[in-house]
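Enquirer: The file below is run-v7.cif, mmCIF, C-alpha atoms:
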```cif
data_start
loop_
_atom_site.label_atom_id
_atom_site.label_comp_id
_atom_site.auth_asym_id
_atom_site.auth_seq_id
_atom_site.Cartn_x
_atom_site.Cartn_y
_atom_site.Cartn_z
CA MET A 222 115.57 103.04 95.93
CA TRP A 223 117.61 105.40 93.75
CA PRO A 224 119.93 106.80 96.49
CA HIS A 225 121.06 103.24 97.26
CA VAL A 226 121.56 102.32 93.61
CA ALA A 227 123.55 105.57 93.30
CA THR A 228 125.69 104.53 96.29
CA SER A 229 126.41 101.23 94.56
CA VAL A 230 127.58 103.17 91.48
CA ILE A 231 130.11 104.94 93.75
CA GLY A 232 131.16 101.47 94.90
CA PHE A 233 131.65 100.29 91.32
CA TRP A 234 133.73 103.40 90.62
CA LEU A 235 135.98 102.76 93.64
CA LEU A 236 136.39 99.15 92.48
CA ALA A 237 137.34 100.17 88.92
CA SER A 238 139.20 103.46 89.48
CA PRO A 239 142.62 102.03 90.47
CA ASP A 240 142.87 100.42 87.02
CA LEU A 241 141.34 103.39 85.16
CA LEU A 242 143.39 106.07 86.94
CA GLU A 243 146.40 103.79 87.44
CA TYR A 244 147.15 104.04 91.12
CA ALA A 245 148.39 101.31 93.41
CA GLY A 246 149.29 100.43 96.96
CA THR A 247 147.12 100.75 100.03
CA ALA A 248 144.82 103.25 98.31
CA ARG A 249 144.03 100.71 95.63
CA MET A 250 143.41 97.88 98.04
CA ASN A 251 141.24 99.94 100.38
CA ASN A 252 139.13 101.45 97.59
CA GLN A 253 138.52 98.07 95.97
CA ILE A 254 137.56 96.26 99.16
CA VAL A 255 135.33 99.08 100.43
CA GLY A 256 133.97 99.73 96.92
CA ALA A 257 132.87 96.11 96.48
CA TRP A 258 130.95 96.15 99.78
CA LEU A 259 129.51 99.63 99.10
CA ALA A 260 128.15 98.36 95.77
CA THR A 261 126.81 95.19 97.42
CA PHE A 262 124.97 96.85 100.29
CA GLY A 263 123.70 99.62 97.98
CA LEU A 264 122.09 97.02 95.73
CA ILE A 265 120.67 95.09 98.70
CA ALA A 266 119.33 98.20 100.49
CA ALA A 267 117.56 99.20 97.28
CA SER A 268 114.97 96.60 98.30
CA GLU A 269 112.53 98.22 100.70
CA SER A 270 112.26 95.26 103.09
CA VAL A 271 115.99 95.43 103.88
CA ARG A 272 116.38 99.22 103.57
CA ALA A 273 117.97 99.31 107.06
CA LEU A 274 121.19 97.88 105.57
CA ARG A 275 121.85 101.38 104.16
CA TRP A 276 123.44 102.10 107.57
CA VAL A 277 126.26 99.72 106.64
CA ASN A 278 127.03 102.11 103.79
CA VAL A 279 126.93 105.13 106.11
CA ALA A 280 129.60 103.31 108.15
CA LEU A 281 131.63 102.41 105.03
CA GLY A 282 131.37 106.03 103.85
CA THR A 283 132.69 107.23 107.20
CA TRP A 284 135.60 104.82 106.88
CA LEU A 285 136.37 106.25 103.41
CA LEU A 286 136.68 109.72 104.96
CA VAL A 287 139.28 108.66 107.54
CA ALA A 288 141.05 105.85 105.65
CA PRO A 289 143.49 108.04 103.66
CA PHE A 290 144.84 109.47 106.93
CA LEU A 291 144.82 106.26 108.97
CA LEU A 292 146.31 104.19 106.12
CA ASP A 293 148.75 106.96 105.21
CA TYR A 294 147.99 108.05 101.66
CA PRO A 295 146.97 111.72 102.18
CA ASP A 296 147.79 112.62 98.56
CA GLU A 297 145.84 112.88 95.29
CA ARG A 298 144.84 109.21 95.62
CA ALA A 299 142.73 110.23 98.62
CA CYS A 300 140.34 112.33 96.47
CA GLY A 301 138.15 109.47 95.31
CA SER A 302 137.96 108.11 98.83
CA LEU A 303 136.97 111.48 100.35
CA VAL A 304 134.44 112.50 97.68
CA GLY A 305 133.03 108.97 97.45
CA GLY A 306 132.79 108.74 101.23
CA MET A 307 130.89 112.02 101.58
CA ALA A 308 128.51 111.09 98.77
CA ALA A 309 127.96 107.61 100.19
CA ILE A 310 127.12 109.05 103.64
CA ALA A 311 124.74 111.64 102.16
CA LEU A 312 122.96 109.18 99.85
CA SER A 313 122.74 106.34 102.37
CA SER A 314 121.26 108.68 105.00
CA ILE A 315 118.19 109.00 102.78
CA HIS A 316 115.51 106.40 103.51
CA GLY A 317 113.46 107.26 100.44
CA PRO A 318 109.70 107.00 100.09
CA SER A 319 107.95 103.97 101.61
CA SER A 320 105.47 102.31 99.27
CA GLU A 321 104.94 99.05 101.18
CA ARG A 322 104.44 97.89 104.77
CA PHE A 323 106.11 94.79 106.22
CA GLY A 324 104.19 93.90 109.38
CA GLY A 325 106.59 95.83 111.59
CA GLY A 326 109.67 94.74 109.65
CA TRP A 327 112.71 93.02 111.15
CA THR A 328 112.33 94.72 114.53
CA ALA A 329 108.99 92.89 114.95
CA LEU A 330 111.10 89.73 115.38
CA TRP A 331 112.40 90.83 118.76
CA LYS A 332 109.78 93.42 119.75
CA GLY A 333 106.91 91.00 119.16
CA ALA A 334 104.45 90.65 116.31
CA SER A 335 102.44 93.67 115.25
CA SER A 336 99.20 91.79 114.82
CA MET B 237 94.34 99.09 106.86
CA SER B 238 93.13 98.01 103.49
CA THR B 239 89.53 98.76 102.68
CA LEU B 240 86.99 96.31 101.36
CA PHE B 241 87.03 98.13 98.08
CA GLU B 242 90.74 97.81 97.49
CA PRO B 243 91.19 95.98 94.21
CA SER B 244 92.90 92.62 93.94
CA ILE B 245 94.34 92.20 97.43
CA ASP B 246 96.17 88.89 97.57
CA PRO B 247 94.51 86.59 100.17
CA ALA B 248 97.97 85.30 101.19
CA THR B 249 99.25 88.73 102.20
CA PRO B 250 100.89 88.44 105.67
CA PRO B 251 99.31 90.39 108.56
CA GLY B 252 100.41 94.01 108.50
CA TRP B 253 101.81 93.74 104.97
CA THR B 254 100.70 95.53 101.82
CA TYR B 255 101.64 92.67 99.47
CA ASN B 256 102.34 88.95 99.44
CA PRO B 257 106.11 88.27 99.23
CA SER B 258 105.51 84.66 98.15
CA ALA B 259 103.35 85.64 95.16
CA TRP B 260 104.53 84.22 91.86
CA SER B 261 104.98 87.73 90.49
CA GLU B 262 107.59 88.27 93.25
CA ARG B 263 109.33 84.94 92.66
CA LEU B 264 109.27 84.17 88.95
CA TRP B 265 111.91 86.68 87.88
CA LEU B 266 114.18 85.58 90.75
CA ILE B 267 113.91 82.00 89.48
CA GLY B 268 114.71 83.23 85.96
CA VAL B 269 117.76 85.17 87.14
CA ALA B 270 118.95 82.12 89.15
CA ILE B 271 118.68 79.95 86.02
CA LEU B 272 120.72 82.56 84.12
CA GLY B 273 123.38 82.46 86.85
CA PHE B 274 123.29 78.66 86.74
CA GLY B 275 123.96 78.63 82.97
CA LEU B 276 126.79 81.14 83.34
CA SER B 277 128.47 79.21 86.17
CA LEU B 278 128.06 75.95 84.31
CA TYR B 279 129.88 77.48 81.32
CA LEU B 280 132.69 78.89 83.49
CA GLY B 281 132.96 75.60 85.38
CA SER B 282 133.26 73.57 82.19
CA TYR B 283 136.09 75.86 81.10
CA GLN B 284 137.80 75.30 84.46
CA LEU B 285 137.44 71.53 83.99
CA GLY B 286 138.87 71.72 80.47
CA MET B 287 135.64 70.67 78.78
CA VAL B 288 135.54 74.00 76.94
CA ALA B 289 138.82 75.11 75.36
CA ARG B 290 138.36 78.87 75.45
CA VAL B 291 136.36 81.29 77.57
CA TRP B 292 134.53 84.37 76.26
CA GLU B 293 136.29 87.55 77.45
CA PRO B 294 135.44 90.79 75.60
CA PHE B 295 137.23 93.37 77.77
CA PHE B 296 140.13 92.13 79.87
CA GLY B 297 142.40 90.14 77.52
CA THR B 298 143.70 87.13 79.42
CA GLY B 299 141.89 88.25 82.60
CA SER B 300 139.29 85.49 82.56
CA GLU B 301 141.95 82.81 82.05
CA GLN B 302 144.04 84.17 84.92
CA VAL B 303 141.06 84.33 87.25
CA LEU B 304 139.51 81.00 86.30
CA HIS B 305 142.82 79.13 86.51
CA SER B 306 144.08 80.92 89.61
CA ALA B 307 145.24 79.05 92.68
CA LEU B 308 142.23 80.43 94.58
CA SER B 309 139.76 78.85 92.15
CA ARG B 310 141.31 75.44 92.91
CA VAL B 311 141.42 75.62 96.68
CA LEU B 312 138.55 73.13 96.83
CA PRO B 313 138.46 69.72 95.10
CA VAL B 314 135.92 71.07 92.60
CA PRO B 315 136.35 74.33 90.64
CA ASP B 316 134.64 77.31 92.29
CA ALA B 317 132.35 77.96 89.31
CA ALA B 318 130.99 74.40 89.60
CA LEU B 319 130.09 75.15 93.22
CA GLY B 320 128.52 78.39 92.04
CA ALA B 321 126.40 76.43 89.55
CA LEU B 322 125.27 74.13 92.37
CA ALA B 323 124.34 77.14 94.53
CA TYR B 324 122.36 78.74 91.69
CA ALA B 325 120.57 75.42 91.11
CA VAL B 326 119.57 75.34 94.80
CA ASP B 327 118.34 78.96 94.45
CA ALA B 328 116.22 78.11 91.41
CA VAL B 329 114.74 74.94 92.94
CA ALA B 330 114.13 76.51 96.37
CA GLY B 331 112.56 79.50 94.64
CA THR B 332 110.14 77.25 92.75
CA ILE B 333 108.94 74.83 95.45
CA GLY B 334 105.75 75.82 97.28
CA GLY B 335 102.62 77.77 96.44
CA ALA B 336 101.76 81.43 96.60
CA GLY B 337 101.28 81.23 100.39
CA ARG B 338 104.47 79.35 101.15
CA TRP B 339 105.81 81.86 103.67
CA ARG B 340 103.03 80.43 105.88
CA THR B 341 102.52 76.90 104.57
CA MET B 342 106.16 75.86 103.92
CA PRO B 343 108.43 78.10 105.98
CA TRP B 344 111.34 75.65 105.77
CA ILE B 345 111.72 76.12 102.02
CA VAL B 346 111.59 79.91 102.42
CA VAL B 347 114.34 79.76 105.05
CA LEU B 348 116.39 77.41 102.83
CA PHE B 349 115.90 79.80 99.91
CA GLY B 350 117.13 82.73 102.01
CA LEU B 351 120.12 80.74 103.27
CA ALA B 352 121.01 79.77 99.68
CA VAL B 353 120.64 83.26 98.19
CA GLY B 354 122.33 85.29 100.94
CA PRO B 355 125.65 83.46 101.36
CA LEU B 356 126.03 82.79 97.61
CA GLY B 357 125.90 86.53 97.02
CA LEU B 358 128.32 87.34 99.81
CA VAL B 359 130.85 84.69 98.70
CA SER B 360 130.63 86.15 95.17
CA VAL B 361 131.62 89.56 96.54
CA LEU B 362 134.63 88.00 98.32
CA LEU B 363 135.66 86.41 95.01
CA VAL B 364 135.38 89.78 93.24
CA ILE B 365 137.60 91.35 95.92
CA ALA B 366 140.09 88.49 95.47
CA GLN B 367 140.16 89.10 91.70
CA ALA B 368 140.74 92.81 92.14
CA VAL B 369 143.15 92.91 95.07
CA TRP B 370 145.06 89.66 94.90
CA LEU B 371 145.02 88.54 91.25
CA GLU B 372 144.76 92.08 89.81
CA ALA B 373 142.87 90.53 86.89
CA TRP B 374 139.25 90.80 85.81
CA CYS B 375 136.88 88.19 84.42
CA THR B 376 133.79 89.66 82.74
CA LEU B 377 131.46 86.69 83.18
CA CYS B 378 132.61 86.16 86.78
CA LEU B 379 131.69 89.78 87.51
CA LEU B 380 128.32 89.32 85.82
CA SER B 381 127.68 86.21 87.90
CA ALA B 382 128.58 88.10 91.09
CA LEU B 383 126.23 90.92 90.11
CA ILE B 384 123.39 88.45 89.52
CA SER B 385 123.90 86.79 92.89
CA VAL B 386 123.97 90.13 94.74
CA VAL B 387 120.90 91.50 92.94
CA MET B 388 118.95 88.43 94.13
CA ILE B 389 119.57 89.05 97.85
CA GLY B 390 117.29 92.04 98.57
CA PRO B 391 114.22 90.76 96.71
CA ALA B 392 114.55 87.31 98.34
CA MET B 393 114.68 88.60 101.91
CA ASP B 394 111.09 89.88 102.21
CA GLU B 395 109.75 86.34 102.05
CA VAL B 396 112.21 85.23 104.74
CA LEU B 397 111.02 88.11 106.91
CA ALA B 398 107.38 87.01 106.53
CA SER B 399 108.26 83.46 107.64
CA LEU B 400 110.34 84.69 110.61
CA GLN B 401 107.47 86.94 111.69
CA LEU B 402 105.20 83.89 111.51
CA PHE B 403 107.58 82.06 113.89
CA THR B 404 107.39 85.03 116.29
CA ARG B 405 103.58 84.85 116.34
CA VAL B 406 103.59 81.05 116.68
CA ARG B 407 105.90 81.35 119.70
CA GLU B 408 103.73 84.09 121.24
CA ARG B 409 100.73 81.76 120.96
CA GLY B 410 102.75 79.05 122.70
CA MET B 411 102.65 76.70 119.71
CA PRO B 412 105.63 74.44 118.85
CA LEU B 413 108.12 76.23 116.60
CA TRP B 414 109.56 73.05 115.09
CA GLU B 415 106.12 72.05 113.90
CA ALA B 416 105.57 75.48 112.37
CA PHE B 417 108.97 75.37 110.66
CA TRP B 418 108.16 72.16 108.78
CA HIS B 419 104.39 72.28 108.39
CA GLY B 420 103.55 75.94 108.68
CA ASP B 421 100.86 77.50 110.80
CA ARG B 422 98.66 74.81 112.39
CA ALA B 423 96.25 77.06 114.25
CA PRO B 424 92.63 75.80 114.27
CA ARG B 425 90.75 76.39 111.07
CA GLY B 426 89.25 79.85 111.05
CA LYS B 427 92.06 81.20 113.22
CA ARG B 428 94.71 80.43 110.64
CA GLU B 429 96.73 83.10 109.03
CA PRO B 430 95.96 84.05 105.45
CA CYS B 431 96.89 81.53 102.84
CA GLY B 432 96.31 82.01 99.18
CA PRO B 433 95.58 79.51 96.46
CA THR B 434 98.36 76.94 96.33
#
```
Would you write the structure of this file as structure tokens?
Expert:
Amino acid sequence: MWPHVATSVIGFWLLASPDLLEYAGTARMNNQIVGAWLATFGLIAASESVRALRWVNVALGTWLLVAPFLLDYPDERACGSLVGGMAAIALSSIHGPSSERFGGGWTALWKGASS
Amino acid sequence: MSTLFEPSIDPATPPGWTYNPSAWSERLWLIGVAILGFGLSLYLGSYQLGMVARVWEPFFGTGSEQVLHSALSRVLPVPDAALGALAYAVDAVAGTIGGAGRWRTMPWIVVLFGLAVGPLGLVSVLLVIAQAVWLEAWCTLCLLSALISVVMIGPAMDEVLASLQLFTRVRERGMPLWEAFWHGDRAPRGKREPCGPT
């Protein structure tokens, strides 16, 4: 649970940092859009039954690593994106301990019931 | 596998599960949070309709006013917070209806609950992005409402999963899905899936 809550904290930071650190432009827009979704999927993936949604945050983290270069802001505004992206990938790669079982989970819906 | 000696195993636990996602202990706090979101949205909606003169905003100055009176909030004939209140009301009602085995006995309400909770949360995130990127203004209570709606998604989805797995088993047995959707599992008595006290 905690790695995904931690990822959502990174998301909240990316959402708030343009106002706190006073930067604008594409960097601001990208960080706020990606930050909002990072926070959302971190909070959702904290629930064990939908833990698989952490992979969305691995993808978003990967985007944060390349965005400053693709969207052309390879300056100090890229720091938050790069550090946040690496941390999001690392944290979201962790499944975390399983305490419950879910009858085969979501994959049981197309692989057939477990029982 | 659970042993015979395992204490207090819920009789409505779905096959292959370690707990019952429809248990009241799983649902009550979600209902409470939905009611909180409902009250918040009702307050913001009454401000948008002019029934309340001022809106509480501790951090962002005129941010709440800018957000709540923005062009985006008036795209639809009713203010967006009023729609939010309606969505939270559906969440609270759909969270309440049905007993502790409702993933099996009333799958339709579980699916409705999931459909109400999921999209409400995702629309809230889009509204937060609109505040940040387009309006460049923040509204404390709108953010709180968005947080509430997102926090509800994960804990609501386990019950939906249990009902969808039931549909998979019903289909494998060659039973009519439509029937199972509305009336739950209708296997002969004794072959029915677990169902707790309702």
Enquirer: Residues of chain B within 6 Å of chain A: nearest atom pair and distance (Å, one decimal) for each, counting only C-alpha atoms, sorted by chain and number, as JSON lines?
Expert:
```
{"residue": "B:Gly252", "atom": "CA", "partner": "A:Gly324", "partner_atom": "CA", "distance": 3.9}
{"residue": "B:Trp253", "atom": "CA", "partner": "A:Phe323", "partner_atom": "CA", "distance": 4.6}
{"residue": "B:Thr254", "atom": "CA", "partner": "A:Arg322", "partner_atom": "CA", "distance": 5.3}
{"residue": "B:Ile365", "atom": "CA", "partner": "A:Ile254", "partner_atom": "CA", "distance": 5.9}
{"residue": "B:Val369", "atom": "CA", "partner": "A:Met250", "partner_atom": "CA", "distance": 5.8}
{"residue": "B:Gly390", "atom": "CA", "partner": "A:Ile265", "partner_atom": "CA", "distance": 4.6}
{"residue": "B:Asp394", "atom": "CA", "partner": "A:Ser270", "partner_atom": "CA", "distance": 5.6}
{"residue": "B:Gln401", "atom": "CA", "partner": "A:Leu330", "partner_atom": "CA", "distance": 5.9}
{"residue": "B:Arg405", "atom": "CA", "partner": "A:Ala334", "partner_atom": "CA", "distance": 5.9}
```
Enquirer: Any chance you could resolve the PyMOL selection byres ((chain A and resi 288-291) around 9) against this file and give the residues as a list of chain:residue names?
Expert: A:Thr247, A:Ala248, A:Asn251, A:Thr283, A:Trp284, A:Leu285, A:Leu286, A:Val287, A:Leu292, A:Asp293, A:Tyr294, A:Pro295, A:Asp296, A:Arg298, A:Ala299, A:Cys300, A:Ser302, A:Leu303
Enquirer: For this structure, which residues satisfy the selection - the PyMOL selection byres ((chain B and resi 302-316) around 8) - when it is evaluated on the file as given? I want them as a short mmCIF file (atom, residue, chain, number, x, y, z; two decimals) with C-alpha atoms, in the frame of the given file.
Expert:
```cif
data_model
loop_
_atom_site.label_atom_id
_atom_site.label_comp_id
_atom_site.auth_asym_id
_atom_site.auth_seq_id
_atom_site.Cartn_x
_atom_site.Cartn_y
_atom_site.Cartn_z
CA LEU B 280 132.69 78.89 83.49
CA GLY B 281 132.96 75.60 85.38
CA GLN B 284 137.80 75.30 84.46
CA LEU B 285 137.44 71.53 83.99
CA THR B 298 143.70 87.13 79.42
CA GLY B 299 141.89 88.25 82.60
CA SER B 300 139.29 85.49 82.56
CA GLU B 301 141.95 82.81 82.05
CA ALA B 317 132.35 77.96 89.31
CA ALA B 318 130.99 74.40 89.60
CA LEU B 319 130.09 75.15 93.22
CA GLY B 320 128.52 78.39 92.04
CA GLN B 367 140.16 89.10 91.70
CA LEU B 371 145.02 88.54 91.25
CA ALA B 373 142.87 90.53 86.89
CA TRP B 374 139.25 90.80 85.81
CA CYS B 375 136.88 88.19 84.42
#
```
Enquirer: With the file shown as input, list the residues that the PyMOL selection byres ((chain A and resi 311) around 10) selects, as a PyMOL selection string.
Expert: chain A and resi 224+228+278-279+282+305-310+312-315
Enquirer: Name all residues at most 12 Å from Leu348 (chain B) (count only C-alpha atoms; drop same-chain ones fewer than 5 positions away) and give them as an mmCIF file with C-alpha atoms, keeping the file's coordinate frame.
Expert:
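As written to disk, part.cif reads:
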```cif
data_model
loop_
_atom_site.group_PDB
_atom_site.id
_atom_site.type_symbol
_atom_site.label_atom_id
_atom_site.label_comp_id
_atom_site.auth_asym_id
_atom_site.auth_seq_id
_atom_site.Cartn_x
_atom_site.Cartn_y
_atom_site.Cartn_z
ATOM 1 C CA ALA B 323 124.340 77.140 94.530
ATOM 2 C CA VAL B 326 119.570 75.340 94.800
ATOM 3 C CA ASP B 327 118.340 78.960 94.450
ATOM 4 C CA ALA B 328 116.220 78.110 91.410
ATOM 5 C CA VAL B 329 114.740 74.940 92.940
ATOM 6 C CA ALA B 330 114.130 76.510 96.370
ATOM 7 C CA GLY B 331 112.560 79.500 94.640
ATOM 8 C CA THR B 332 110.140 77.250 92.750
ATOM 9 C CA ILE B 333 108.940 74.830 95.450
ATOM 10 C CA TRP B 339 105.810 81.860 103.670
ATOM 11 C CA MET B 342 106.160 75.860 103.920
ATOM 12 C CA PRO B 343 108.430 78.100 105.980
ATOM 13 C CA VAL B 353 120.640 83.260 98.190
ATOM 14 C CA GLY B 354 122.330 85.290 100.940
ATOM 15 C CA PRO B 355 125.650 83.460 101.360
ATOM 16 C CA ALA B 392 114.550 87.310 98.340
ATOM 17 C CA MET B 393 114.680 88.600 101.910
ATOM 18 C CA GLU B 395 109.750 86.340 102.050
ATOM 19 C CA VAL B 396 112.210 85.230 104.740
ATOM 20 C CA SER B 399 108.260 83.460 107.640
ATOM 21 C CA PHE B 417 108.970 75.370 110.660
ATOM 22 C CA TRP B 418 108.160 72.160 108.780
#
```
Enquirer: Which is closest to Leu351 (chain B) among B:Ile389, B:Leu383, B:Glu372, B:Leu377, if we use only C-alpha atoms?
Expert: B:Ile389
Enquirer: CA of Trp344 (chain B) to CA of Asp246 (chain B): how many Å, to one decimal?
Expert: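 These atoms are spaced 21.7 Å apart.
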